[in-house]
>>> print(open('coords.pdb').read())   # PDB, C-alpha atoms and all ligand atoms
MODEL        1
ATOM      1  CA  MET A 834     -27.991 -29.811  54.562
ATOM      2  CA  LYS A 835     -30.133 -32.246  52.568
ATOM      3  CA  SER A 836     -28.634 -31.394  49.174
ATOM      4  CA  TRP A 837     -25.136 -31.776  50.681
ATOM      5  CA  ARG A 838     -25.967 -35.345  51.627
ATOM      6  CA  ILE A 839     -27.330 -36.142  48.172
ATOM      7  CA  LEU A 840     -24.164 -34.758  46.600
ATOM      8  CA  GLY A 841     -22.153 -36.993  48.915
ATOM      9  CA  LEU A 842     -24.137 -40.041  47.902
ATOM     10  CA  VAL A 843     -23.727 -39.199  44.224
ATOM     11  CA  LEU A 844     -19.973 -38.886  44.648
ATOM     12  CA  VAL A 845     -19.802 -42.221  46.431
ATOM     13  CA  ALA A 846     -21.837 -43.811  43.656
ATOM     14  CA  ILE A 847     -19.573 -42.335  40.971
ATOM     15  CA  SER A 848     -16.411 -43.534  42.735
ATOM     16  CA  ALA A 849     -17.903 -47.006  43.080
ATOM     17  CA  LEU A 850     -18.691 -47.077  39.361
ATOM     18  CA  LEU A 851     -15.202 -45.897  38.457
ATOM     19  CA  LEU A 852     -13.627 -48.572  40.649
ATOM     20  CA  LEU A 853     -15.837 -51.196  39.056
ATOM     21  CA  ALA A 854     -14.945 -50.020  35.575
ATOM     22  CA  ALA A 855     -11.228 -50.057  36.411
ATOM     23  CA  ALA A 856     -11.477 -53.555  37.873
ATOM     24  CA  CYS A 857     -13.274 -54.843  34.774
ATOM     25  CA  GLY A 858     -10.729 -53.227  32.503
ATOM     26  CA  GLU A 859      -7.854 -54.928  34.303
ATOM     27  CA  ASP A 860      -9.540 -58.282  34.135
ATOM     28  CA  GLU A 861      -9.979 -57.937  30.400
ATOM     29  CA  ASP A 862      -6.355 -56.950  29.882
ATOM     30  CA  GLU A 863      -5.090 -59.924  31.831
ATOM     31  CA  GLY A 864      -7.427 -62.234  29.974
ATOM     32  CA  ASP A 865      -6.288 -60.962  26.572
ATOM     33  CA  GLY A 866      -2.628 -60.514  27.380
ATOM     34  CA  ALA A 867      -1.711 -63.888  28.807
ATOM     35  CA  PRO A 868      -2.570 -66.122  25.832
ATOM     36  CA  THR A 869      -1.080 -63.722  23.263
ATOM     37  CA  ALA A 870       2.248 -63.626  25.066
ATOM     38  CA  THR A 871       2.531 -67.412  25.120
ATOM     39  CA  ASP A 872       0.969 -68.012  21.685
ATOM     40  CA  SER A 873       3.131 -65.834  19.480
ATOM     41  CA  ASP A 874       6.432 -65.044  21.085
ATOM     42  CA  GLY A 875       7.917 -63.960  17.774
ATOM     43  CA  ALA A 876       5.243 -61.378  17.114
ATOM     44  CA  SER A 877       5.455 -59.501  20.396
ATOM     45  CA  PRO A 878       8.044 -56.707  20.414
ATOM     46  CA  ALA A 879       9.555 -57.900  23.695
ATOM     47  CA  GLY A 880       9.995 -61.409  22.366
ATOM     48  CA  ARG A 881      12.115 -60.447  19.363
ATOM     49  CA  GLY A 882      15.411 -62.189  19.125
ATOM     50  CA  GLU A 883      18.886 -61.071  18.417
ATOM     51  CA  VAL A 884      21.096 -62.108  15.536
ATOM     52  CA  GLU A 885      24.873 -61.918  15.312
ATOM     53  CA  LEU A 886      26.320 -61.327  11.876
ATOM     54  CA  ASP A 887      29.810 -60.603  10.676
ATOM     55  CA  LEU A 888      31.255 -58.845   7.696
ATOM     56  CA  THR A 889      34.866 -58.378   6.683
ATOM     57  CA  ALA A 890      36.338 -55.713   4.438
ATOM     58  CA  GLN A 891      39.554 -56.614   2.637
ATOM     59  CA  ASN A 892      41.146 -55.267  -0.563
ATOM     60  CA  THR A 893      38.279 -52.785  -0.762
ATOM     61  CA  SER A 894      35.626 -55.464  -1.006
ATOM     62  CA  TYR A 895      33.301 -57.210   1.401
ATOM     63  CA  ASP A 896      33.655 -60.932   2.054
ATOM     64  CA  LYS A 897      29.860 -61.312   1.642
ATOM     65  CA  ASP A 898      27.363 -59.956  -0.850
ATOM     66  CA  GLU A 899      24.359 -60.993   1.219
ATOM     67  CA  LEU A 900      23.379 -60.741   4.865
ATOM     68  CA  MET A 901      20.154 -62.050   6.392
ATOM     69  CA  ALA A 902      18.072 -61.227   9.436
ATOM     70  CA  GLU A 903      14.530 -61.762  10.613
ATOM     71  CA  ALA A 904      12.236 -58.744  10.570
ATOM     72  CA  GLY A 905      12.527 -56.560  13.642
ATOM     73  CA  THR A 906      15.398 -58.436  15.272
ATOM     74  CA  ASP A 907      18.272 -56.700  16.995
ATOM     75  CA  VAL A 908      21.304 -57.106  14.779
ATOM     76  CA  LYS A 909      24.820 -57.216  16.159
ATOM     77  CA  LEU A 910      27.121 -56.901  13.188
ATOM     78  CA  THR A 911      30.810 -57.473  13.821
ATOM     79  CA  PHE A 912      32.635 -55.512  11.158
ATOM     80  CA  ASN A 913      36.287 -56.289  10.530
ATOM     81  CA  ASN A 914      38.205 -53.828   8.393
ATOM     82  CA  LYS A 915      41.455 -55.543   7.379
ATOM     83  CA  ASP A 916      42.629 -52.837   4.979
ATOM     84  CA  ASN A 917      45.602 -51.065   6.472
ATOM     85  CA  GLY A 918      45.024 -47.314   6.436
ATOM     86  CA  ILE A 919      41.792 -47.521   4.423
ATOM     87  CA  GLN A 920      38.404 -46.339   5.669
ATOM     88  CA  HIS A 921      35.321 -48.535   5.425
ATOM     89  CA  ASN A 922      31.911 -48.855   7.017
ATOM     90  CA  PHE A 923      28.569 -50.596   6.646
ATOM     91  CA  ALA A 924      25.461 -48.576   5.833
ATOM     92  CA  LEU A 925      21.965 -49.976   5.289
ATOM     93  CA  TYR A 926      19.568 -48.522   2.741
ATOM     94  CA  GLU A 927      15.969 -49.128   1.691
ATOM     95  CA  SER A 928      17.187 -50.134  -1.764
ATOM     96  CA  LYS A 929      20.158 -49.702  -4.074
ATOM     97  CA  ASP A 930      18.733 -46.519  -5.571
ATOM     98  CA  SER A 931      17.414 -45.119  -2.315
ATOM     99  CA  ASP A 932      19.068 -42.276  -0.473
ATOM    100  CA  GLU A 933      17.143 -43.197   2.622
ATOM    101  CA  GLU A 934      19.707 -44.512   5.045
ATOM    102  CA  LEU A 935      18.241 -46.918   7.595
ATOM    103  CA  PHE A 936      21.492 -47.342   9.500
ATOM    104  CA  GLU A 937      24.871 -45.697   9.147
ATOM    105  CA  GLY A 938      27.818 -47.461  10.730
ATOM    106  CA  ASP A 939      30.734 -45.396  11.957
ATOM    107  CA  ILE A 940      33.612 -45.318   9.494
ATOM    108  CA  ILE A 941      36.684 -47.144  10.781
ATOM    109  CA  THR A 942      40.240 -47.161   9.459
ATOM    110  CA  GLY A 943      41.833 -50.597   9.153
ATOM    111  CA  PRO A 944      43.051 -52.668  10.696
ATOM    112  CA  GLU A 945      40.178 -52.364  13.127
ATOM    113  CA  THR A 946      37.094 -54.269  14.206
ATOM    114  CA  THR A 947      33.885 -52.757  15.496
ATOM    115  CA  THR A 948      30.376 -53.900  16.356
ATOM    116  CA  TYR A 949      27.383 -52.180  14.799
ATOM    117  CA  GLU A 950      24.039 -52.551  16.536
ATOM    118  CA  PHE A 951      20.762 -51.789  14.822
ATOM    119  CA  THR A 952      17.276 -53.191  14.413
ATOM    120  CA  ALA A 953      16.409 -55.024  11.218
ATOM    121  CA  PRO A 954      13.538 -53.435   9.230
ATOM    122  CA  GLU A 955      10.020 -54.510  10.219
ATOM    123  CA  GLU A 956       8.986 -55.206   6.629
ATOM    124  CA  PRO A 957      10.384 -58.361   5.029
ATOM    125  CA  GLY A 958      12.141 -57.748   1.742
ATOM    126  CA  THR A 959      15.498 -57.227   0.133
ATOM    127  CA  TYR A 960      17.310 -54.158   1.372
ATOM    128  CA  PHE A 961      20.745 -52.950   0.392
ATOM    129  CA  PHE A 962      24.032 -52.221   2.103
ATOM    130  CA  HIS A 963      27.233 -50.621   0.989
ATOM    131  CA  CYS A 964      30.362 -48.887   2.210
ATOM    132  CA  ASP A 965      29.810 -45.131   2.176
ATOM    133  CA  ILE A 966      33.427 -44.579   1.113
ATOM    134  CA  HIS A 967      33.390 -47.161  -1.706
ATOM    135  CA  PRO A 968      29.694 -47.418  -2.621
ATOM    136  CA  THR A 969      30.169 -49.149  -5.973
ATOM    137  CA  ALA A 970      33.034 -51.475  -5.046
ATOM    138  CA  MET A 971      31.540 -52.630  -1.749
ATOM    139  CA  GLN A 972      27.854 -53.514  -1.713
ATOM    140  CA  GLY A 973      25.389 -56.320  -1.057
ATOM    141  CA  ASP A 974      21.826 -57.325  -0.309
ATOM    142  CA  PHE A 975      20.415 -57.243   3.182
ATOM    143  CA  VAL A 976      17.612 -59.793   3.167
ATOM    144  CA  VAL A 977      14.887 -59.417   5.796
ATOM    145  CA  GLU A 978      12.691 -62.486   6.292
TER     146      GLU A 978
HETATM  147 CU    CU A1001      35.049 -48.957   1.917
ENDMDL
END
>>> encode(input="coords.pdb", output="structure tokens", more="lines below")
Ligand SMILES: [Cu+2]
Amino acid sequence: MKSWRILGLVLVAISALLLLAAACGEDEDEGDGAPTATDSDGASPAGRGEVELDLTAQNTSYDKDELMAEAGTDVKLTFNNKDNGIQHNFALYESKDSDEELFEGDIITGPETTTYEFTAPEEPGTYFFHCDIHPTAMQGDFVVE
């Protein structure tokens, strides 16, 4: 009977400690979280912006040899293939010599327009894009700031 009561008291004490710990933890989170969210909107993943870019393919060449986006932004790339009966796409690579494809846009046959959506790389630098069908004729730099 006596030991049962002690066990009960111990359990109550443990629960009280756990509740206290949880309450403290929450307070700390709120304290840390609020200023960070307002201070650096650009650095928080939820605060990342969106950028709209466009690229046209005509006579088996792109109308731009450079596209730009901020690191980690959601890119909406409107791709206009004006070449009647010819297939083109946009594909993003780590570098010109890299086989590592960061984004592969669906190939479309002109005349057709599509929108590619992808996230710009997190690391600033100069990346590379080309058309997978005409990799040497259609290429450019994808600059991440
Ligand atoms: Cu092409």
>>> closest_atom_pairs(input="coords.pdb", of="chain A", to="ligand CU 1001 (chain A)", cutoff="9 Å", atoms="all atoms listed in the file", output="Markdown table")
| residue | atom | partner | partner_atom | distance |
| --- | --- | --- | --- | --- |
| A:Ala890 | CA | A:CU1001 | CU | 7.3 |
| A:Gln891 | CA | A:CU1001 | CU | 8.9 |
| A:Thr893 | CA | A:CU1001 | CU | 5.7 |
| A:Ser894 | CA | A:CU1001 | CU | 7.2 |
| A:Tyr895 | CA | A:CU1001 | CU | 8.5 |
| A:Asn914 | CA | A:CU1001 | CU | 8.7 |
| A:Ile919 | CA | A:CU1001 | CU | 7.3 |
| A:Gln920 | CA | A:CU1001 | CU | 5.7 |
| A:His921 | CA | A:CU1001 | CU | 3.5 |
| A:Asn922 | CA | A:CU1001 | CU | 6.0 |
| A:Phe923 | CA | A:CU1001 | CU | 8.2 |
| A:Ile940 | CA | A:CU1001 | CU | 8.5 |
| A:His963 | CA | A:CU1001 | CU | 8.0 |
| A:Cys964 | CA | A:CU1001 | CU | 4.7 |
| A:Asp965 | CA | A:CU1001 | CU | 6.5 |
| A:Ile966 | CA | A:CU1001 | CU | 4.7 |
| A:His967 | CA | A:CU1001 | CU | 4.4 |
| A:Pro968 | CA | A:CU1001 | CU | 7.2 |
| A:Ala970 | CA | A:CU1001 | CU | 7.7 |
| A:Met971 | CA | A:CU1001 | CU | 6.3 |
>>> resolve_selection(input="coords.pdb", expression="the PyMOL selection byres (((chain A and resi 958) around 7) and not hetatm)", output="PyMOL selection string")
chain A and resi 956-957+959-960+976-978
>>> resolve_selection(input="coords.pdb", expression="the PyMOL selection byres (((chain A and resi 925-932) around 7) and not hetatm)", output="PDB file with C-alpha atoms, in the frame of the given file")
ATOM      1  CA  PHE A 923      28.569 -50.596   6.646  1.00  0.00           C
ATOM      2  CA  ALA A 924      25.461 -48.576   5.833  1.00  0.00           C
ATOM      3  CA  GLU A 933      17.143 -43.197   2.622  1.00  0.00           C
ATOM      4  CA  GLU A 934      19.707 -44.512   5.045  1.00  0.00           C
ATOM      5  CA  LEU A 935      18.241 -46.918   7.595  1.00  0.00           C
ATOM      6  CA  PHE A 936      21.492 -47.342   9.500  1.00  0.00           C
ATOM      7  CA  GLU A 937      24.871 -45.697   9.147  1.00  0.00           C
ATOM      8  CA  TYR A 960      17.310 -54.158   1.372  1.00  0.00           C
ATOM      9  CA  PHE A 961      20.745 -52.950   0.392  1.00  0.00           C
ATOM     10  CA  PHE A 962      24.032 -52.221   2.103  1.00  0.00           C
ATOM     11  CA  HIS A 963      27.233 -50.621   0.989  1.00  0.00           C
TER      12      HIS A 963
END
>>> closest_residue(input="coords.pdb", among="A:Val884, A:Asn913, A:Glu903, A:Gly918", to="Thr948 (chain A)", atoms="all atoms listed in the file")
A:Asn913
>>> atom_distance(input="coords.pdb", atom1="CA of Phe951 (chain A)", atom2="CA of Thr969 (chain A)")
23.0 Å
>>> closest_residue(input="coords.pdb", among="A:Glu883, A:Gln972, A:Thr942, A:Glu950", to="Ala904 (chain A)", atoms="only C-alpha atoms")
A:Glu883
>>> closest_residue(input="coords.pdb", among="A:Glu955, A:Asp974, A:Glu899, A:Asp916", to="Asp887 (chain A)", atoms="all atoms listed in the file")
A:Glu899
>>> atom_distance(input="coords.pdb", atom1="CA of Asp907 (chain A)", atom2="CA of Pro954 (chain A)")
9.7 Å
>>> atom_distance(input="coords.pdb", atom1="CA of Gly973 (chain A)", atom2="CA of Leu900 (chain A)")
7.7 Å
>>> closest_residue(input="coords.pdb", among="A:Gly938, A:Phe975, A:Arg881, A:Glu945", to="Thr906 (chain A)", atoms="all atoms listed in the file")
A:Arg881
>>> axis_aligned_box(input="coords.pdb", around="region 906-910 of chain A", padding_each_side="5 Å", output="lines of an AutoDock Vina configuration file")
center_x = 21.3
center_y = -57.6
center_z = 15.1
size_x = 21.7
size_y = 11.7
size_z = 13.8
>>> closest_residue(input="coords.pdb", among="A:Glu885, A:Thr952, A:Met901, A:Ile941", to="Lys915 (chain A)", atoms="only C-alpha atoms")
A:Ile941
>>> build_atoms(input="coords.pdb", residues="region 895-909 of chain A", atoms="N, CA and C atoms", output="short mmCIF file (atom, residue, chain, number, x, y, z; two decimals), keeping the file's coordinate frame")
data_model
loop_
_atom_site.label_atom_id
_atom_site.label_comp_id
_atom_site.auth_asym_id
_atom_site.auth_seq_id
_atom_site.Cartn_x
_atom_site.Cartn_y
_atom_site.Cartn_z
N TYR A 895 33.86 -56.46 0.28
CA TYR A 895 33.30 -57.21 1.40
C TYR A 895 33.50 -58.70 1.15
N ASP A 896 33.55 -59.48 2.22
CA ASP A 896 33.66 -60.93 2.05
C ASP A 896 32.28 -61.57 1.80
N LYS A 897 31.20 -60.77 1.90
CA LYS A 897 29.86 -61.31 1.64
C LYS A 897 29.09 -60.32 0.77
N ASP A 898 28.23 -60.87 -0.09
CA ASP A 898 27.36 -59.96 -0.85
C ASP A 898 25.91 -60.12 -0.42
N GLU A 899 25.71 -60.85 0.69
CA GLU A 899 24.36 -60.99 1.22
C GLU A 899 24.40 -61.24 2.72
N LEU A 900 23.55 -60.53 3.43
CA LEU A 900 23.38 -60.74 4.86
C LEU A 900 21.89 -60.96 5.10
N MET A 901 21.57 -61.76 6.13
CA MET A 901 20.15 -62.05 6.39
C MET A 901 19.81 -61.83 7.85
N ALA A 902 18.57 -61.38 8.07
CA ALA A 902 18.07 -61.23 9.44
C ALA A 902 16.56 -61.33 9.41
N GLU A 903 15.98 -61.73 10.52
CA GLU A 903 14.53 -61.76 10.61
C GLU A 903 14.02 -60.36 10.91
N ALA A 904 12.83 -60.07 10.40
CA ALA A 904 12.24 -58.74 10.57
C ALA A 904 12.19 -58.34 12.04
N GLY A 905 12.63 -57.14 12.30
CA GLY A 905 12.53 -56.56 13.64
C GLY A 905 13.50 -57.08 14.68
N THR A 906 14.44 -57.94 14.28
CA THR A 906 15.40 -58.44 15.27
C THR A 906 16.51 -57.42 15.50
N ASP A 907 17.11 -57.53 16.69
CA ASP A 907 18.27 -56.70 17.00
C ASP A 907 19.49 -57.34 16.35
N VAL A 908 20.14 -56.58 15.50
CA VAL A 908 21.30 -57.11 14.78
C VAL A 908 22.58 -56.61 15.44
N LYS A 909 23.47 -57.56 15.69
CA LYS A 909 24.82 -57.22 16.16
C LYS A 909 25.76 -57.61 15.04
#
